[in-house]
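File shown: upload01.cif (mmCIF, C-alpha atoms).
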```
data_protein
loop_
_atom_site.label_atom_id
_atom_site.label_comp_id
_atom_site.auth_asym_id
_atom_site.auth_seq_id
_atom_site.Cartn_x
_atom_site.Cartn_y
_atom_site.Cartn_z
CA MET A 1 -59.12 19.28 -67.49
CA LEU A 2 -57.67 22.28 -65.74
CA HIS A 3 -54.27 23.38 -67.04
CA TYR A 4 -51.69 25.19 -64.92
CA THR A 5 -48.32 26.32 -66.21
CA ARG A 6 -45.15 27.04 -64.29
CA GLU A 7 -46.02 30.72 -64.64
CA SER A 8 -49.51 30.31 -63.16
CA LEU A 9 -47.98 28.43 -60.21
CA ASP A 10 -45.66 31.38 -59.60
CA THR A 11 -48.61 33.75 -59.27
CA MET A 12 -50.49 31.51 -56.80
CA ASP A 13 -50.40 32.35 -53.12
CA ARG A 14 -47.87 30.28 -51.20
CA ILE A 15 -50.33 28.03 -49.34
CA THR A 16 -52.35 27.14 -52.43
CA ARG A 17 -49.19 26.23 -54.31
CA LEU A 18 -47.94 24.23 -51.32
CA ASN A 19 -51.20 22.27 -51.10
CA LEU A 20 -51.38 21.61 -54.83
CA VAL A 21 -47.79 20.63 -55.58
CA ASN A 22 -47.62 18.36 -52.54
CA CYS A 23 -50.39 16.27 -54.12
CA LEU A 24 -48.95 15.97 -57.62
CA SER A 25 -46.56 13.06 -57.14
CA GLY A 26 -49.39 10.75 -56.02
CA TYR A 27 -49.84 8.77 -52.83
CA LYS A 28 -47.06 8.76 -50.25
CA SER A 29 -46.15 6.71 -47.21
CA VAL A 30 -46.93 7.79 -43.64
CA ASN A 31 -44.28 7.05 -41.06
CA LEU A 32 -43.18 8.18 -37.64
CA ILE A 33 -39.43 8.63 -37.36
CA GLY A 34 -38.09 8.08 -33.85
CA THR A 35 -34.74 9.36 -32.61
CA LEU A 36 -32.88 9.98 -29.37
CA SER A 37 -31.22 13.33 -28.58
CA PRO A 38 -27.64 13.60 -27.28
CA LYS A 39 -29.18 14.25 -23.84
CA GLY A 40 -31.30 11.11 -24.12
CA ILE A 41 -34.66 12.76 -24.85
CA THR A 42 -36.85 10.68 -27.17
CA ASN A 43 -38.10 12.45 -30.30
CA LEU A 44 -40.82 11.53 -32.77
CA ALA A 45 -41.92 13.21 -36.00
CA VAL A 46 -44.34 12.27 -38.78
CA PHE A 47 -42.93 12.07 -42.33
CA ASN A 48 -44.59 11.37 -45.66
CA SER A 49 -41.35 11.24 -47.62
CA VAL A 50 -39.88 7.87 -46.63
CA ILE A 51 -38.98 6.00 -49.83
CA HIS A 52 -37.50 2.71 -50.94
CA LEU A 53 -33.99 3.06 -52.37
CA GLY A 54 -32.80 -0.51 -52.81
CA SER A 55 -32.97 -4.01 -51.39
CA ASP A 56 -29.32 -5.13 -51.53
CA PRO A 57 -28.06 -3.48 -49.38
CA PRO A 58 -31.45 -2.72 -47.79
CA LEU A 59 -31.68 1.06 -48.04
CA LEU A 60 -34.39 3.62 -47.55
CA GLY A 61 -34.37 7.39 -47.71
CA PHE A 62 -36.39 10.40 -46.67
CA ILE A 63 -36.43 14.07 -47.60
CA LEU A 64 -35.65 16.71 -44.99
CA ARG A 65 -36.89 20.27 -45.39
CA PRO A 66 -34.40 23.17 -45.20
CA THR A 67 -32.45 23.24 -41.95
CA THR A 68 -32.99 26.97 -41.39
CA VAL A 69 -35.66 26.03 -38.83
CA PRO A 70 -34.88 23.60 -35.99
CA ARG A 71 -34.89 20.03 -37.19
CA HIS A 72 -34.63 17.84 -34.12
CA THR A 73 -34.85 14.63 -36.11
CA TYR A 74 -31.87 15.65 -38.24
CA GLU A 75 -29.77 16.83 -35.29
CA ASN A 76 -30.40 13.60 -33.44
CA ILE A 77 -29.56 11.45 -36.44
CA LYS A 78 -26.34 13.39 -37.00
CA ALA A 79 -25.42 12.97 -33.32
CA ARG A 80 -26.31 9.30 -32.87
CA SER A 81 -26.55 7.82 -36.41
CA LEU A 82 -29.69 5.84 -35.60
CA PHE A 83 -33.38 6.30 -36.36
CA THR A 84 -36.50 4.16 -36.43
CA VAL A 85 -39.24 4.15 -39.08
CA ASN A 86 -42.67 3.21 -37.76
CA HIS A 87 -45.73 2.80 -39.99
CA VAL A 88 -48.91 4.67 -39.07
CA ASN A 89 -52.29 2.96 -38.82
CA LEU A 90 -55.72 4.45 -38.12
CA GLU A 91 -55.33 4.18 -34.35
CA LEU A 92 -52.10 6.20 -34.45
CA LEU A 93 -53.22 8.76 -37.06
CA LYS A 94 -54.30 11.79 -35.03
CA ARG A 95 -51.44 11.43 -32.57
CA ALA A 96 -48.97 10.95 -35.43
CA HIS A 97 -50.19 14.14 -37.12
CA GLN A 98 -49.91 15.98 -33.81
CA THR A 99 -46.14 15.24 -33.63
CA SER A 100 -45.72 17.88 -36.35
CA ALA A 101 -46.54 20.67 -33.86
CA SER A 102 -43.62 22.86 -32.78
CA TYR A 103 -42.52 21.34 -29.52
CA SER A 104 -39.30 22.41 -27.84
CA ARG A 105 -36.05 20.46 -27.89
CA GLU A 106 -36.47 19.51 -24.23
CA GLU A 107 -39.87 17.89 -24.72
CA SER A 108 -40.58 14.40 -26.03
CA GLU A 109 -43.31 14.04 -28.63
CA PHE A 110 -43.77 10.49 -27.35
CA GLU A 111 -44.99 11.85 -24.01
CA LEU A 112 -46.81 14.89 -25.37
CA THR A 113 -48.81 12.94 -27.94
CA GLU A 114 -49.22 9.83 -25.78
CA ILE A 115 -47.38 7.44 -28.02
CA GLU A 116 -45.54 4.70 -26.19
CA PRO A 117 -41.82 4.35 -27.00
CA LEU A 118 -40.21 0.93 -27.14
CA PHE A 119 -36.53 0.01 -26.91
CA LYS A 120 -35.60 -3.53 -27.90
CA ASP A 121 -32.87 -5.91 -29.08
CA GLY A 122 -30.09 -3.57 -28.00
CA PHE A 123 -30.98 -0.88 -30.56
CA ASP A 124 -30.42 2.49 -28.87
CA CYS A 125 -33.31 4.36 -30.46
CA PRO A 126 -37.04 4.38 -29.68
CA TYR A 127 -39.59 2.48 -31.76
CA VAL A 128 -43.34 3.18 -31.66
CA ALA A 129 -44.71 0.27 -29.63
CA GLU A 130 -48.13 0.32 -31.34
CA SER A 131 -46.82 0.54 -34.88
CA PRO A 132 -47.55 -2.56 -37.01
CA ILE A 133 -44.26 -2.32 -38.98
CA GLN A 134 -41.11 -1.07 -37.25
CA LEU A 135 -37.67 -0.59 -38.78
CA GLY A 136 -34.40 0.11 -37.02
CA CYS A 137 -32.10 2.08 -39.33
CA GLN A 138 -28.54 3.34 -39.36
CA TYR A 139 -27.64 6.62 -41.04
CA VAL A 140 -25.40 6.01 -44.04
CA ASN A 141 -25.16 9.22 -46.02
CA GLU A 142 -27.02 12.32 -47.13
CA TYR A 143 -27.33 14.13 -50.44
CA TYR A 144 -27.86 17.87 -50.39
CA ILE A 145 -30.37 18.87 -53.09
CA LYS A 146 -29.22 22.33 -54.01
CA GLU A 147 -32.26 23.19 -56.14
CA ASN A 148 -34.40 23.69 -53.03
CA ASP A 149 -32.11 23.32 -50.03
CA THR A 150 -33.45 19.91 -48.98
CA ARG A 151 -31.60 16.73 -48.11
CA LEU A 152 -32.09 13.09 -49.05
CA ILE A 153 -31.11 11.13 -45.94
CA VAL A 154 -30.04 7.55 -46.67
CA GLY A 155 -30.37 4.85 -44.03
CA GLU A 156 -29.61 1.16 -43.95
CA ILE A 157 -32.23 -1.16 -42.48
CA LYS A 158 -30.79 -3.13 -39.54
CA HIS A 159 -33.93 -4.48 -37.87
CA ILE A 160 -37.38 -5.29 -39.27
CA TYR A 161 -40.46 -6.09 -37.17
CA LEU A 162 -43.69 -7.01 -38.92
CA PRO A 163 -46.87 -9.06 -38.43
CA GLU A 164 -46.29 -12.59 -39.72
CA GLU A 165 -49.84 -12.95 -41.08
CA ALA A 166 -49.28 -10.14 -43.61
CA LEU A 167 -46.24 -11.82 -45.15
CA TRP A 168 -46.51 -13.89 -48.33
CA LYS A 169 -44.23 -16.88 -48.89
CA ASP A 170 -42.14 -15.01 -51.45
CA GLY A 171 -41.31 -12.19 -49.03
CA TRP A 172 -43.95 -9.73 -50.23
CA LEU A 173 -45.69 -7.89 -47.40
CA GLN A 174 -49.41 -7.15 -47.79
CA LEU A 175 -49.61 -3.66 -46.33
CA ASP A 176 -53.41 -3.52 -46.11
CA GLN A 177 -53.30 -6.45 -43.68
CA CYS A 178 -51.12 -4.22 -41.50
CA ASN A 179 -53.76 -1.45 -41.75
CA VAL A 180 -51.16 1.16 -42.61
CA LEU A 181 -52.27 4.41 -44.23
CA ALA A 182 -51.19 6.43 -47.24
CA SER A 183 -50.95 10.19 -47.42
CA ASN A 184 -52.42 12.60 -49.96
CA GLY A 185 -50.58 15.90 -50.04
CA LEU A 186 -49.54 17.71 -46.89
CA ASP A 187 -52.39 16.85 -44.55
CA GLY A 188 -54.64 14.20 -46.13
CA TYR A 189 -54.67 10.58 -44.96
CA ALA A 190 -56.22 7.67 -46.79
CA ALA A 191 -57.15 4.03 -46.29
CA VAL A 192 -55.82 1.53 -48.79
CA GLN A 193 -57.01 -1.83 -50.03
CA LEU A 194 -55.05 -4.25 -52.20
CA LEU A 195 -56.43 -4.76 -55.70
CA GLU A 196 -53.94 -7.29 -57.02
CA ARG A 197 -50.37 -8.33 -57.50
CA LEU A 198 -49.32 -8.72 -61.11
CA SER A 199 -46.78 -11.18 -62.47
CA TYR A 200 -43.43 -10.05 -63.88
CA ALA A 201 -44.11 -8.42 -67.25
CA ARG A 202 -42.77 -10.10 -70.39
CA PRO A 203 -43.08 -8.71 -73.89
CA VAL A 204 -45.43 -11.34 -75.31
CA LEU A 205 -47.57 -12.21 -72.29
CA ALA A 206 -50.30 -10.26 -70.55
CA PRO A 207 -49.62 -9.82 -66.82
CA LYS A 208 -51.56 -12.26 -64.66
CA ARG A 209 -52.82 -11.88 -61.12
CA LEU A 210 -50.67 -13.44 -58.37
CA THR A 211 -52.40 -14.99 -55.39
CA LYS A 212 -51.23 -15.91 -51.94
CA GLU A 213 -51.89 -19.55 -52.81
CA ASP A 214 -49.44 -19.36 -55.75
CA MET A 215 -46.70 -18.76 -53.21
CA SER A 216 -47.36 -21.80 -51.03
CA MET B 1 -44.11 -9.91 -34.52
CA LEU B 2 -41.52 -11.43 -36.79
CA HIS B 3 -38.02 -9.99 -36.37
CA TYR B 4 -35.45 -9.88 -39.15
CA THR B 5 -31.97 -8.49 -38.74
CA ARG B 6 -29.61 -7.17 -41.38
CA GLU B 7 -27.80 -10.50 -41.15
CA SER B 8 -30.96 -12.55 -41.77
CA LEU B 9 -31.69 -10.36 -44.84
CA ASP B 10 -28.23 -11.20 -46.17
CA THR B 11 -28.96 -14.93 -46.03
CA MET B 12 -32.33 -14.64 -47.83
CA ASP B 13 -32.54 -15.50 -51.49
CA ARG B 14 -32.43 -12.46 -53.75
CA ILE B 15 -36.09 -12.45 -54.83
CA THR B 16 -37.47 -12.84 -51.31
CA ARG B 17 -35.29 -9.95 -50.11
CA LEU B 18 -36.33 -7.87 -53.13
CA ASN B 19 -40.03 -8.47 -52.46
CA LEU B 20 -39.75 -7.78 -48.74
CA VAL B 21 -37.57 -4.68 -48.73
CA ASN B 22 -39.58 -3.08 -51.54
CA CYS B 23 -42.60 -3.13 -49.21
CA LEU B 24 -40.95 -1.70 -46.10
CA SER B 25 -41.16 2.02 -46.86
CA GLY B 26 -44.98 1.89 -47.12
CA TYR B 27 -47.28 2.84 -49.97
CA LYS B 28 -45.83 4.42 -53.09
CA SER B 29 -47.13 6.31 -56.07
CA VAL B 30 -47.82 4.69 -59.46
CA ASN B 31 -46.92 6.74 -62.50
CA LEU B 32 -46.14 6.29 -66.16
CA ILE B 33 -43.16 8.33 -67.30
CA GLY B 34 -43.31 9.34 -70.95
CA THR B 35 -40.31 10.39 -73.02
CA LEU B 36 -39.25 10.83 -76.62
CA SER B 37 -36.07 9.27 -78.03
CA PRO B 38 -33.56 11.25 -80.12
CA LYS B 39 -35.05 9.47 -83.16
CA GLY B 40 -38.55 10.54 -82.15
CA ILE B 41 -39.81 7.20 -80.84
CA THR B 42 -42.23 7.58 -77.93
CA ASN B 43 -41.32 5.70 -74.76
CA LEU B 44 -43.36 4.85 -71.68
CA ALA B 45 -42.38 3.13 -68.44
CA VAL B 46 -44.13 2.52 -65.13
CA PHE B 47 -42.43 3.88 -61.97
CA ASN B 48 -43.37 3.62 -58.31
CA SER B 49 -40.62 5.95 -57.12
CA VAL B 50 -41.91 9.39 -58.14
CA ILE B 51 -41.74 11.65 -55.08
CA HIS B 52 -42.51 15.20 -54.06
CA LEU B 53 -39.39 17.30 -53.48
CA GLY B 54 -40.69 20.83 -53.02
CA SER B 55 -43.37 23.28 -54.07
CA ASP B 56 -41.37 26.49 -54.67
CA PRO B 57 -39.88 25.85 -57.16
CA PRO B 58 -42.25 22.97 -58.01
CA LEU B 59 -39.93 19.94 -58.02
CA LEU B 60 -40.39 16.21 -58.11
CA GLY B 61 -37.94 13.36 -58.26
CA PHE B 62 -37.72 9.69 -59.07
CA ILE B 63 -35.20 6.94 -58.48
CA LEU B 64 -33.51 5.20 -61.39
CA ARG B 65 -32.07 1.72 -61.01
CA PRO B 66 -28.42 1.07 -62.00
CA THR B 67 -27.64 2.03 -65.58
CA THR B 68 -25.78 -1.21 -66.31
CA VAL B 69 -28.92 -2.41 -68.14
CA PRO B 70 -30.54 -0.29 -70.88
CA ARG B 71 -32.60 2.53 -69.42
CA HIS B 72 -34.48 4.11 -72.28
CA THR B 73 -36.24 6.59 -70.03
CA TYR B 74 -32.92 7.88 -68.69
CA GLU B 75 -31.27 8.07 -72.12
CA ASN B 76 -34.22 9.99 -73.53
CA ILE B 77 -34.30 12.43 -70.62
CA LYS B 78 -30.58 13.04 -70.96
CA ALA B 79 -30.98 13.64 -74.69
CA ARG B 80 -34.08 15.86 -74.64
CA SER B 81 -34.43 17.13 -71.03
CA LEU B 82 -38.18 16.55 -70.94
CA PHE B 83 -40.44 13.91 -69.43
CA THR B 84 -44.08 13.54 -68.49
CA VAL B 85 -45.51 12.02 -65.30
CA ASN B 86 -48.93 10.43 -65.74
CA HIS B 87 -50.95 8.98 -62.87
CA VAL B 88 -52.30 5.45 -63.20
CA ASN B 89 -55.94 4.56 -62.55
CA LEU B 90 -57.64 1.18 -62.58
CA GLU B 91 -58.38 1.32 -66.32
CA LEU B 92 -54.68 1.86 -67.09
CA LEU B 93 -53.29 -0.59 -64.53
CA LYS B 94 -52.60 -3.78 -66.51
CA ARG B 95 -51.27 -1.87 -69.51
CA ALA B 96 -49.14 0.31 -67.25
CA HIS B 97 -47.61 -2.77 -65.59
CA GLN B 98 -46.97 -4.27 -69.02
CA THR B 99 -44.72 -1.32 -69.97
CA SER B 100 -42.11 -2.85 -67.64
CA ALA B 101 -41.49 -5.70 -70.10
CA SER B 102 -38.17 -5.58 -71.98
CA TYR B 103 -39.05 -3.99 -75.27
CA SER B 104 -36.36 -2.88 -77.70
CA ARG B 105 -35.21 0.69 -78.20
CA GLU B 106 -36.95 0.84 -81.58
CA GLU B 107 -40.38 -0.07 -80.22
CA SER B 108 -42.83 2.26 -78.53
CA GLU B 109 -44.50 1.00 -75.34
CA PHE B 110 -47.41 3.31 -76.20
CA GLU B 111 -48.15 1.22 -79.28
CA LEU B 112 -47.26 -2.15 -77.82
CA THR B 113 -49.39 -1.74 -74.70
CA GLU B 114 -52.19 0.18 -76.45
CA ILE B 115 -51.86 3.39 -74.50
CA GLU B 116 -52.66 6.52 -76.47
CA PRO B 117 -49.98 9.22 -76.49
CA LEU B 118 -50.95 12.88 -76.42
CA PHE B 119 -48.88 15.92 -77.38
CA LYS B 120 -50.23 19.31 -76.34
CA ASP B 121 -49.49 22.96 -75.61
CA GLY B 122 -46.18 22.88 -77.46
CA PHE B 123 -44.54 20.45 -75.01
CA ASP B 124 -42.37 18.11 -77.05
CA CYS B 125 -42.93 14.95 -75.01
CA PRO B 126 -45.84 12.49 -74.94
CA TYR B 127 -48.46 12.46 -72.18
CA VAL B 128 -50.79 9.52 -71.52
CA ALA B 129 -54.12 10.71 -72.94
CA GLU B 130 -56.22 8.63 -70.52
CA SER B 131 -54.32 9.59 -67.39
CA PRO B 132 -56.37 11.67 -64.91
CA ILE B 133 -53.36 13.73 -63.76
CA GLN B 134 -50.64 14.65 -66.24
CA LEU B 135 -47.46 16.61 -65.55
CA GLY B 136 -44.99 18.04 -68.05
CA CYS B 137 -41.52 18.20 -66.48
CA GLN B 138 -38.10 19.51 -67.35
CA TYR B 139 -34.96 17.71 -66.19
CA VAL B 140 -33.03 19.86 -63.72
CA ASN B 141 -30.36 17.72 -62.10
CA GLU B 142 -29.49 14.26 -60.86
CA TYR B 143 -27.83 12.93 -57.74
CA TYR B 144 -25.85 9.74 -57.97
CA ILE B 145 -26.45 7.60 -54.88
CA LYS B 146 -23.19 5.76 -54.53
CA GLU B 147 -24.39 3.34 -51.85
CA ASN B 148 -26.33 1.31 -54.43
CA ASP B 149 -25.55 2.82 -57.83
CA THR B 150 -28.95 4.49 -58.27
CA ARG B 151 -29.83 8.05 -59.27
CA LEU B 152 -32.30 10.57 -57.95
CA ILE B 153 -33.54 12.44 -61.03
CA VAL B 154 -34.87 15.93 -60.25
CA GLY B 155 -37.43 17.57 -62.52
CA GLU B 156 -39.25 20.88 -62.47
CA ILE B 157 -42.99 20.85 -63.13
CA LYS B 158 -43.85 23.03 -66.14
CA HIS B 159 -47.40 21.91 -66.96
CA ILE B 160 -50.14 20.44 -64.76
CA TYR B 161 -53.38 18.91 -66.05
CA LEU B 162 -55.96 17.69 -63.55
CA PRO B 163 -59.72 17.17 -63.16
CA GLU B 164 -61.25 20.34 -61.73
CA GLU B 165 -63.81 18.47 -59.61
CA ALA B 166 -61.04 16.88 -57.51
CA LEU B 167 -59.52 20.24 -56.54
CA TRP B 168 -60.35 21.92 -53.23
CA LYS B 169 -60.47 25.71 -52.96
CA ASP B 170 -57.15 25.82 -51.08
CA GLY B 171 -55.29 24.01 -53.84
CA TRP B 172 -55.38 20.53 -52.29
CA LEU B 173 -56.12 17.77 -54.79
CA GLN B 174 -58.29 14.87 -53.66
CA LEU B 175 -56.52 11.95 -55.31
CA ASP B 176 -59.28 9.40 -54.68
CA GLN B 177 -61.61 11.50 -56.84
CA CYS B 178 -59.07 11.01 -59.63
CA ASN B 179 -59.18 7.23 -59.00
CA VAL B 180 -55.40 6.97 -58.98
CA LEU B 181 -53.77 3.91 -57.42
CA ALA B 182 -51.03 3.31 -54.90
CA SER B 183 -48.39 0.61 -55.08
CA ASN B 184 -47.38 -1.97 -52.50
CA GLY B 185 -43.88 -3.31 -53.08
CA LEU B 186 -42.67 -4.29 -56.53
CA ASP B 187 -45.83 -5.64 -58.09
CA GLY B 188 -48.83 -4.91 -55.85
CA TYR B 189 -51.42 -2.28 -56.69
CA ALA B 190 -54.02 -0.90 -54.31
CA ALA B 191 -57.16 1.25 -54.30
CA VAL B 192 -57.21 4.21 -51.97
CA GLN B 193 -59.97 6.12 -50.22
CA LEU B 194 -59.58 9.41 -48.35
CA LEU B 195 -60.15 9.20 -44.60
CA GLU B 196 -59.65 12.83 -43.65
CA ARG B 197 -57.56 15.94 -43.90
CA LEU B 198 -56.24 17.22 -40.60
CA SER B 199 -55.65 20.85 -39.64
CA TYR B 200 -52.16 22.24 -39.11
CA ALA B 201 -50.85 20.83 -35.82
CA ARG B 202 -50.26 23.23 -32.93
CA PRO B 203 -48.80 22.26 -29.55
CA VAL B 204 -51.92 22.90 -27.43
CA LEU B 205 -54.72 21.94 -29.84
CA ALA B 206 -55.86 18.56 -31.07
CA PRO B 207 -55.92 18.35 -34.90
CA LYS B 208 -59.38 18.80 -36.38
CA ARG B 209 -60.87 17.42 -39.55
CA LEU B 210 -60.88 19.76 -42.57
CA THR B 211 -63.81 19.57 -44.95
CA LYS B 212 -64.30 20.76 -48.50
CA GLU B 213 -66.92 23.20 -47.20
CA ASP B 214 -64.35 24.86 -44.90
CA MET B 215 -62.51 25.92 -48.03
CA SER B 216 -65.41 27.66 -49.73
#
```
What would the structure in this file look like if it were written as structure tokens?
Amino acid sequence: MLHYTRESLDTMDRITRLNLVNCLSGYKSVNLIGTLSPKGITNLAVFNSVIHLGSDPPLLGFILRPTTVPRHTYENIKARSLFTVNHVNLELLKRAHQTSASYSREESEFELTEIEPLFKDGFDCPYVAESPIQLGCQYVNEYYIKENDTRLIVGEIKHIYLPEEALWKDGWLQLDQCNVLASNGLDGYAAVQLLERLSYARPVLAPKRLTKEDMS
Amino acid sequence: MLHYTRESLDTMDRITRLNLVNCLSGYKSVNLIGTLSPKGITNLAVFNSVIHLGSDPPLLGFILRPTTVPRHTYENIKARSLFTVNHVNLELLKRAHQTSASYSREESEFELTEIEPLFKDGFDCPYVAESPIQLGCQYVNEYYIKENDTRLIVGEIKHIYLPEEALWKDGWLQLDQCNVLASNGLDGYAAVQLLERLSYARPVLAPKRLTKEDMS
């Protein structure tokens, strides 16, 4: 095995360190976050930092880079308190990645990357029409992480749209049936296939495989 | 598409809501966090909330559930300031899942689940010997998330161990060559295969595929 220390990381060039450290936590989610500007311009940006925070209340979070560069997503969320989280599948991948280019505040990534926006059920924020899983979220709070000038944005899930066939009877959603991707580091994207669900672990029993039929 | 609202989530039974909402953020990492108790008992627990926070300084985080139930990992980190993050592959999966059973404070999950601990390079905290990617981390800070009584624990990466053959010249680590898994919700585990890396997005260029040969 190769061994790096904190000191050897410090002597790496910036891009190498960026590539490496971004991979170290393991696989990440891939989502498009949709917002609406104060002027009504739709905005879309790809994120690989959307995380689960809790189910009751239903909360998710994502990490925002330092705000020293323009962060349209953040400005829009602060102005309007709403955002959508839209999962990325293979068909959306290249266009989703392209939303990370530096477009101006007056341009919509939806138009520029040819991703169709969708407004529905009175929620005043654009979803990605093609996305297999779509969440409408309300901004709740943010935590400033002083160690590296980032922010954990916390949102409450208000609307959930998902394909019925991927849902198990006990509420569990089989993501590979939605064809959503995972990310590997800054710029790698991966296909995922379910191996198994394991039963709740108890001290004296080995975990057993759960099947969709168990839930019927 | 099925549509759930915040109100329909509130009327679901607790387990169904737990299963569903845990899946909504997308794929997650699967890691074993190793710690050492004040008495010197090794501790190991599976987490699917380890996230990348930044590369300079090299920081990662993970979410801890409410501390109203015993949290040995948290107590040990508070007492000794060190923890290890160890990626889970298929060989480790069932034993890793089993670490989530309620064992007592005096028992070591390493012994009970037959996972071999490893101490090395003067770092006073146990790694998982079999794990393909091992990180030695120092506790830096924590952020209490008041909306649901959880904590974001922030750690700095001090040691990195990884298989050289999975590393690209530009520092990017190909996780599928390490055979590490992703998680789907609370109890689902998935195999992952790289599709492609995409070049840095610029407004007027379509993203192109990066190859390992480009990096040579």
**Request:** List every protein, DNA or RNA residue that has an atom no more than 7 Å from (-30.3, 14.1, -51.5) in the file's coordinate frame, counting all atoms listed in the file, and report them as a VMD selection string.
**Result:** (chain A and resid 142 to 145 151 to 153) or (chain B and resid 143)
Return the padded bounding box of stretch 96-114 of chain A as AutoDock Vina command-line options: axis-aligned, built from all atoms listed in the file, 3 Å added on each side, with centre and edge lengths in Å to one decimal.
```
--center_x -43.1 --center_y 16.3 --center_z -30.6 --size_x 20.1 --size_y 19.0 --size_z 19.1
```
**Prompt:** So what does the PyMOL selection byres ((chain B and resi 205-214) around 8) actually pick up in this one, as a list in words?
**Reply:**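 With the PyMOL selection byres ((chain B and resi 205-214) around 8) on this model, the match is Lys94, His97 and Gln98 of chain A; Trp168, Lys169, Glu196, Arg197, Leu198, Ser199, Tyr200, Ala201, Arg202, Pro203, Val204, Met215 and Ser216 of chain B.
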Residues of the last selection are to be written out with C-alpha atoms, as a CSV table (one decimal), in the frame of the given file.
```
chain,number,residue,atom,x,y,z
A,94,LYS,CA,-54.3,11.8,-35.0
A,97,HIS,CA,-50.2,14.1,-37.1
A,98,GLN,CA,-49.9,16.0,-33.8
B,168,TRP,CA,-60.4,21.9,-53.2
B,169,LYS,CA,-60.5,25.7,-53.0
B,196,GLU,CA,-59.6,12.8,-43.6
B,197,ARG,CA,-57.6,15.9,-43.9
B,198,LEU,CA,-56.2,17.2,-40.6
B,199,SER,CA,-55.6,20.8,-39.6
B,200,TYR,CA,-52.2,22.2,-39.1
B,201,ALA,CA,-50.8,20.8,-35.8
B,202,ARG,CA,-50.3,23.2,-32.9
B,203,PRO,CA,-48.8,22.3,-29.6
B,204,VAL,CA,-51.9,22.9,-27.4
B,215,MET,CA,-62.5,25.9,-48.0
B,216,SER,CA,-65.4,27.7,-49.7
```
**Prompt:** Interatomic distance between atom CA of B:Glu114 and atom CA of A:Lys28?
**Reply:** 28.0 Å
**Asked** So which residues touch stretch 70-79 of chain A within 12 Å, counting only C-alpha atoms, skipping near sequence neighbours fewer than 4 positions away, as a PyMOL selection string?
**Response** chain A and resi 32-47+62-66+83-85+99-100+102-109+124-126+137-142+150-155
Selection dump of the PyMOL selection byres ((chain A and resi 174-189) around 6), as a PDB file with C-alpha atoms, in the frame of the given file:
```pdb
ATOM      1  CA  ASN A  22     -47.620  18.360 -52.540  1.00  0.00           C
ATOM      2  CA  CYS A  23     -50.390  16.270 -54.120  1.00  0.00           C
ATOM      3  CA  TYR A  27     -49.840   8.770 -52.830  1.00  0.00           C
ATOM      4  CA  LYS A  28     -47.060   8.760 -50.250  1.00  0.00           C
ATOM      5  CA  SER A  29     -46.150   6.710 -47.210  1.00  0.00           C
ATOM      6  CA  VAL A  30     -46.930   7.790 -43.640  1.00  0.00           C
ATOM      7  CA  VAL A  88     -48.910   4.670 -39.070  1.00  0.00           C
ATOM      8  CA  ASN A  89     -52.290   2.960 -38.820  1.00  0.00           C
ATOM      9  CA  PRO A 132     -47.550  -2.560 -37.010  1.00  0.00           C
ATOM     10  CA  ALA A 166     -49.280 -10.140 -43.610  1.00  0.00           C
ATOM     11  CA  LEU A 173     -45.690  -7.890 -47.400  1.00  0.00           C
ATOM     12  CA  ALA A 190     -56.220   7.670 -46.790  1.00  0.00           C
ATOM     13  CA  ALA A 191     -57.150   4.030 -46.290  1.00  0.00           C
ATOM     14  CA  GLN A 193     -57.010  -1.830 -50.030  1.00  0.00           C
TER      15      GLN A 193
ATOM     16  CA  TYR B  27     -47.280   2.840 -49.970  1.00  0.00           C
ATOM     17  CA  LEU B 195     -60.150   9.200 -44.600  1.00  0.00           C
ATOM     18  CA  GLU B 196     -59.650  12.830 -43.650  1.00  0.00           C
ATOM     19  CA  ARG B 197     -57.560  15.940 -43.900  1.00  0.00           C
ATOM     20  CA  LEU B 198     -56.240  17.220 -40.600  1.00  0.00           C
TER      21      LEU B 198
END
```
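Here atom CA of B:Ser81 and atom CA of A:Leu20 stand 23.9 Å from one another.
Within the file as shown, the PyMOL selection byres ((chain B and resi 5) around 10) identifies Leu135, Gly136, Ile157, Lys158, His159, Ile160 and Tyr161 of chain A; His3, Tyr4, Arg6, Glu7, Ser8, Leu9 and Asp10 of chain B.
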**Message:** Rounded to one decimal, what separation in Å do you get between atom CA of A:Glu91 and atom CA of A:Pro117?
**Reply:**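 Here the two named atoms are 15.4 Å from each other.
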**Message:** Need the shell around B:Asn86: protein/DNA/RNA residues with any atom at most 6 Å away, counting all atoms listed in the file. Skip same-chain ones fewer than 6 positions apart. Format as a list of chain:residue names?
**Reply:**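 Non-adjacent residues within range: B:Asn31, B:Leu32, B:Ser131, B:Ile133, B:Gln134.
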Would you put the residues from that selection into a file with C-alpha atoms, as an mmCIF file, in the frame of the given file?
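Full text of result39.cif as output:
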```cif
data_model
loop_
_atom_site.group_PDB
_atom_site.id
_atom_site.type_symbol
_atom_site.label_atom_id
_atom_site.label_comp_id
_atom_site.auth_asym_id
_atom_site.auth_seq_id
_atom_site.Cartn_x
_atom_site.Cartn_y
_atom_site.Cartn_z
ATOM 1 C CA ASN B 31 -46.920 6.740 -62.500
ATOM 2 C CA LEU B 32 -46.140 6.290 -66.160
ATOM 3 C CA SER B 131 -54.320 9.590 -67.390
ATOM 4 C CA ILE B 133 -53.360 13.730 -63.760
ATOM 5 C CA GLN B 134 -50.640 14.650 -66.240
#
```
**Item:** Nearest candidate to chain A (options B:Ile115, B:Leu18, B:Asp13, B:Gly61; using all atoms listed in the file)
**Value:**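 Closest to chain A, using all atoms listed in the file: B:Leu18.
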